[in-house]
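**Q** Attaching a single structure in structure tokens format; questions to follow.
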Amino acid sequence: MTDTNQENIFNLTNLLGFISKNKIALAVICIISFFVSLLVCFSIHPKFKSTVILFPTSSGSVSQSLITESQQKKEILNFGEEEEVEQLMQILLSSEIRNRIIEKYNLFEHYHISKDSKYANSQLYRKYESNVDISRTEYMSIRIDVLDESPDTAALIANDIAALVDSLYAKIQRERATKAFNIVEKEFLAQKEKIKNIEDSLSALSQLGVIDVKSQTEMYSEQHAIAIASGNDRAKTEIEKKLDVLAKYGSSHSILKEQMFEEVKQLAVIEAKYREAKIDLEQDLPNTYIVSAAEVADRKFYPIYWLTISLSVFSTLLFSIILLILFDKYIKKKNPFEVVTDLKKLLSKFEIPKYEVMESYFKTKSIFSLIMKWKWHLAVLAIVAGGLGALFSSSWFIKPKYKSSAVVYPANITPLSEESESEQMLELLQSDDIKFRIIDVFNLYEHYNVSKDDSNPVWKIIKYYDGNVNIQKTPNEAIVITVTDEDPQMASDIVDSIIAFYDTKVLQLNVEKSKEIVAIYKKEYEKKLNEIDSLGEILKNYRTEYNMLDMSAQVEKYTEAIYMGRSLDEARTVLGNWEELGAEYNKNDSLFYYALSDMHTTKVVYDNALRDSEKVQTYANVVSKPYPADKKSYPVRWLIVLFSVLGALLAGTIFVSLIEGSAKNNK
């Protein structure tokens, strides 16, 4: 083996010997690197980390868990499931919590950001996001990490973020609970008023002597028979007057009594809902279980001195050894001209592995030769392309656009098919109805410079709308509405309007369906009322014309009187009426009570549909509200300039290669 080959073979002994030989120089370099890195570490403001770990609670309300007997109720003491974790994540990332923290701790001043700077809000939000990390753990909990130069501030911010979740949750729930309570309270008071009116009617009938038709009929029939048997004409006349009153108002009393029974049942249901709504409105339970609260850190988290210094010293030592080897082998004992000559020779001998193979496929040598030959031309072309890219991406040619967004969750809606509530909300937000309302309200034809006289103006305006409005579902089952526009305030206003129009559209759809049900059951209700009135008149005719008040009471008493040998012509007449007309009377009486029952069932559906057609409520929980952006989101100038330069270099290289090829062919 030759000496040259021996020199090229890696030898650990030789390396250690070389390091030992230059140990003083390497030690000095390491010491210098140590102090420099230590100085750099001390120049970096240390940051302290505080952490909060929490679980969401179950989404079931207090009333559902403690009051009702629903099979679908959720135990409020349980930890939240995946859906609750996703919702809690979205709320923790909301702009409202971020803005409250910024305001409370004056983070503009704390992060040394001037409010008068051009992109003050964007810089602050970027700084906030770099210092506040909210992540989901593998155990279905949520971890809040806060970094800050002050350990006290880091702990306070972390704990306040966890506390603000309850505040924001309570605000969202209170808005819904207040509207629900107002609706139920209105129905509760209306139902009580309805029952009071029935009580007044029954009270008026009571003053006329109609208290209980069946028992009174039984008693009056017995006394009437006795009066006839004893020849007491005065008593007979008085009793007949009372029987006439029963015959005249008996049907009305029966209707009112049955109606009172049904309305009281309905009142019990509404009162239960009223109590539930009131409990939900007044509840003040936490929505999170804080497993680990943030504590003031007594040790900095960043920078890690030992790691930073170790890496700095090690990398410096490694780089120094390489340089010393090169110096010892190629530079030592040679003047600068010889060094340059040796370096040229070394570089000329250097080849990447399998260079011939690469050259046969890619012609890299000729390409690099071509680039070096035309380097100044290509450099000028790149500079010009970069300048033009910067020029054409400026506001003179491309108007900057600003982005505004909101995060919302669906509320108070029922899926119409197998789709989820979020998917149904997404479909409604993307509907043409909302699109055209936004286009009309904000006059987007003029704003986007689309003339209504152009060919296909609707297609063009929808294309502009879809290009500037993006609505999509997040992994946390929320909906993000993002709008870009040249006017930051308009972008924010469009997002607000989309949410408002969504509420209006859902309300309109629900009202339309409810009105359809109202129309259907109103006809059915009126039909039943007419049937009841008709049957009531038939029964009234039996009572007034044939003195048929109550079959069981009259037959029993009059039969008993006749059996005891009394001469009761009128009693025999009434019994004859029952024998002849009893079947028809009982049939109409049964139809009367069945009609009453059907009427009350129909009325419950009718009242519920009527209530739904008149109520006004929102259908979106806004987690993050939109705000006017202070920094453009489009165009990204550095990216445009970069691609312009790269594209110009590629095109220039191809062009000069064509020139060179043409010149060779001419020769």
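The chains in the structure tokens are called A, B, ... from first to last as shown; in each chain the residues are counted from 1, and the ligands are counted from 1 in the order shown.
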Please run DSSP on the backbone and report, as a PyMOL selection string, all residues within stretch 116-187 of chain A that come out as helix (DSSP H, G or I).

**A** chain A and resi 120-131+151-187

**Q** Find the residues near A:Asp133: any atom within 7 Å, counting only C-alpha atoms, skip ones fewer than 4 places away on the same chain, and give them as JSON, numbers by chain.

**A** {"A": [129, 144, 145, 146]}

**Q** Here is a test: counting only C-alpha atoms, which residue of A:Leu147, A:Thr504, A:Phe392, A:Ala235 is nearest to A:Ser130?

**A**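 That would be A:Leu147, the residue with the smallest distance to A:Ser130.
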
**Q** May I have the residues within 7 Å of A:Ser514 as a list in words, using only C-alpha atoms and disregarding those fewer than 5 positions away in the same chain?

**A** Ala609, Leu610, Asp612 and Ser613 of chain A

**Q** With C-alpha atoms retained, could you export that selection as a PDB file, in the first residue's frame?

**A**
```pdb
ATOM      1  CA  ALA A 609     -96.535  25.232  15.339  1.00  0.00           C
ATOM      2  CA  LEU A 610     -98.029  28.686  15.867  1.00  0.00           C
ATOM      3  CA  ASP A 612     -92.632  28.238  16.269  1.00  0.00           C
ATOM      4  CA  SER A 613     -93.935  30.435  13.467  1.00  0.00           C
TER       5      SER A 613
END
```

**Q** Find, counting only C-alpha atoms, the residue in A:Leu256, A:Val264, A:Leu281, A:Leu529 that gets nearest to A:Asn182.

**A**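 Closest candidate: A:Leu281.
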
**Q** Show me, as a VMD selection string, the residues that have an atom within 12 Å of stretch 269-274 of chain A when counting only C-alpha atoms, minus same-chain residues fewer than 5 positions from it.

**A** chain A and resid 63 to 64 67 to 69 177 to 178 180 to 192 262 to 264 279 to 281 604 607 to 608

**Q** Name the residues of stretch 84-139 of chain A that come out as strand (DSSP E or B) in a backbone DSSP run; write them as a list in words.

**A**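 Here are the strand (DSSP E or B) residues of stretch 84-139 of chain A: Val132, Asp133, Ile134, Ser135 and Arg136 of chain A.
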